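Since the structure comes first, as structure tokens, the remarks are kept for the end.
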Amino acid sequence: MVGVPGSHTGWTFITNHARVLAVIADNPNVRVRDIAAHCRLTERAVQRIISDLEQDGYLSHTRDGRANTYRVEPDKVLRHPAEAGLSVAALLSLLVQDETDRNTKPEAQPSRLVDTNGTRQR
């Protein structure tokens, strides 16, 4: 893992299920302990999420000794009707970054605020 993100309070846009799936997609051999640390969840919560994802066919795993290797089902369609037709692969393309992208900071973009009349503000 690259590093553990800082703590966070309040609501977020991404569910814990999506976070766990993204971490696994990024590294199919990742340990539950590392997923939990990265997602700021307990190991037990990660185990429940993995079980949910496996039960509904989004994820499977094979055991090699004490280690698991996960397989994400990229063609599986997301569950919510608002995302009808959207595949796991499409979601993960937004969430999973290449290692090089994760370690580089995006360049500052100029502010492009627009008021309700459509005119630009600074």
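Labels used: A, B, ... for chains in the order of the structure tokens, numbers from 1 for residues in each chain, and numbers from 1 for ligands as shown.
Taking only C-alpha atoms, the non-local environment of stretch 35-48 of chain A within 7 Å (same-chain residues fewer than 3 positions away omitted) comprises Val4, Pro5, Arg19, Val20, Val23, Val30, Arg31, Val32, Ser51 and Asp52 of chain A.
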Go ahead and save the residues from that selection, with N, CA, C and O atoms, as a tab-separated table (two decimals), in the first residue's frame.
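Written file, part_14.tsv:
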chain	number	residue	atom	x	y	z
A	4	VAL	N	-1.61	5.23	4.22
A	4	VAL	CA	-2.93	5.25	4.80
A	4	VAL	C	-3.43	6.67	4.79
A	4	VAL	O	-2.75	7.58	5.28
A	5	PRO	N	-4.63	6.90	4.23
A	5	PRO	CA	-5.15	8.26	4.21
A	5	PRO	C	-5.48	8.74	5.62
A	5	PRO	O	-5.70	7.94	6.53
A	19	ARG	N	-15.22	1.46	-1.99
A	19	ARG	CA	-13.83	1.64	-1.58
A	19	ARG	C	-13.09	0.31	-1.49
A	19	ARG	O	-11.98	0.17	-1.98
A	20	VAL	N	-13.72	-0.67	-0.83
A	20	VAL	CA	-13.10	-1.98	-0.67
A	20	VAL	C	-12.89	-2.61	-2.04
A	20	VAL	O	-11.81	-3.14	-2.34
A	23	VAL	N	-9.90	-1.00	-3.81
A	23	VAL	CA	-8.61	-1.42	-3.25
A	23	VAL	C	-8.25	-2.81	-3.76
A	23	VAL	O	-7.12	-3.07	-4.16
A	30	VAL	N	-4.14	-8.21	-2.03
A	30	VAL	CA	-4.12	-7.38	-0.83
A	30	VAL	C	-4.70	-8.15	0.37
A	30	VAL	O	-5.61	-8.96	0.22
A	31	ARG	N	-4.16	-7.87	1.54
A	31	ARG	CA	-4.65	-8.50	2.77
A	31	ARG	C	-5.81	-7.68	3.35
A	31	ARG	O	-5.86	-6.46	3.18
A	32	VAL	N	-6.70	-8.37	4.04
A	32	VAL	CA	-7.83	-7.71	4.69
A	32	VAL	C	-7.33	-6.61	5.62
A	32	VAL	O	-7.90	-5.52	5.67
A	51	SER	N	-17.71	-10.40	1.92
A	51	SER	CA	-18.75	-11.43	1.88
A	51	SER	C	-19.95	-10.95	1.06
A	51	SER	O	-20.49	-11.70	0.24
A	52	ASP	N	-20.39	-9.71	1.28
A	52	ASP	CA	-21.50	-9.14	0.50
A	52	ASP	C	-21.18	-9.15	-0.99
A	52	ASP	O	-22.00	-9.56	-1.81
- Note on the structure: Counting only C-alpha atoms, closest pick from A:Thr12, A:Ser93, A:Ser87, A:Asn29 relative to A:Asp64 is A:Asn29
- So which one's closest to A:Lys76, A:Thr62, A:Ala25, A:Phe13, A:Ala89? Using only C-alpha atoms, please.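 Among A:Thr62, A:Ala25, A:Phe13, A:Ala89, it is A:Ala89 that comes nearest to A:Lys76.
Picture a line from atom CA of A:Ala82 to atom CA of A:Ile24; it runs 24.2 Å.
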- Task: Have a look at A:Asn27, A:Thr9, A:Gln55, A:Thr15 and name the one nearest to A:Tyr70; count only C-alpha atoms.
- Result: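 Closest to A:Tyr70 of all the choices is A:Asn27.
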- So how many Å separate atom CA of A:Pro28 and atom CA of A:Val72, to one decimal?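 Atom CA of A:Val72 lies at a distance of 8.2 Å from atom CA of A:Pro28.
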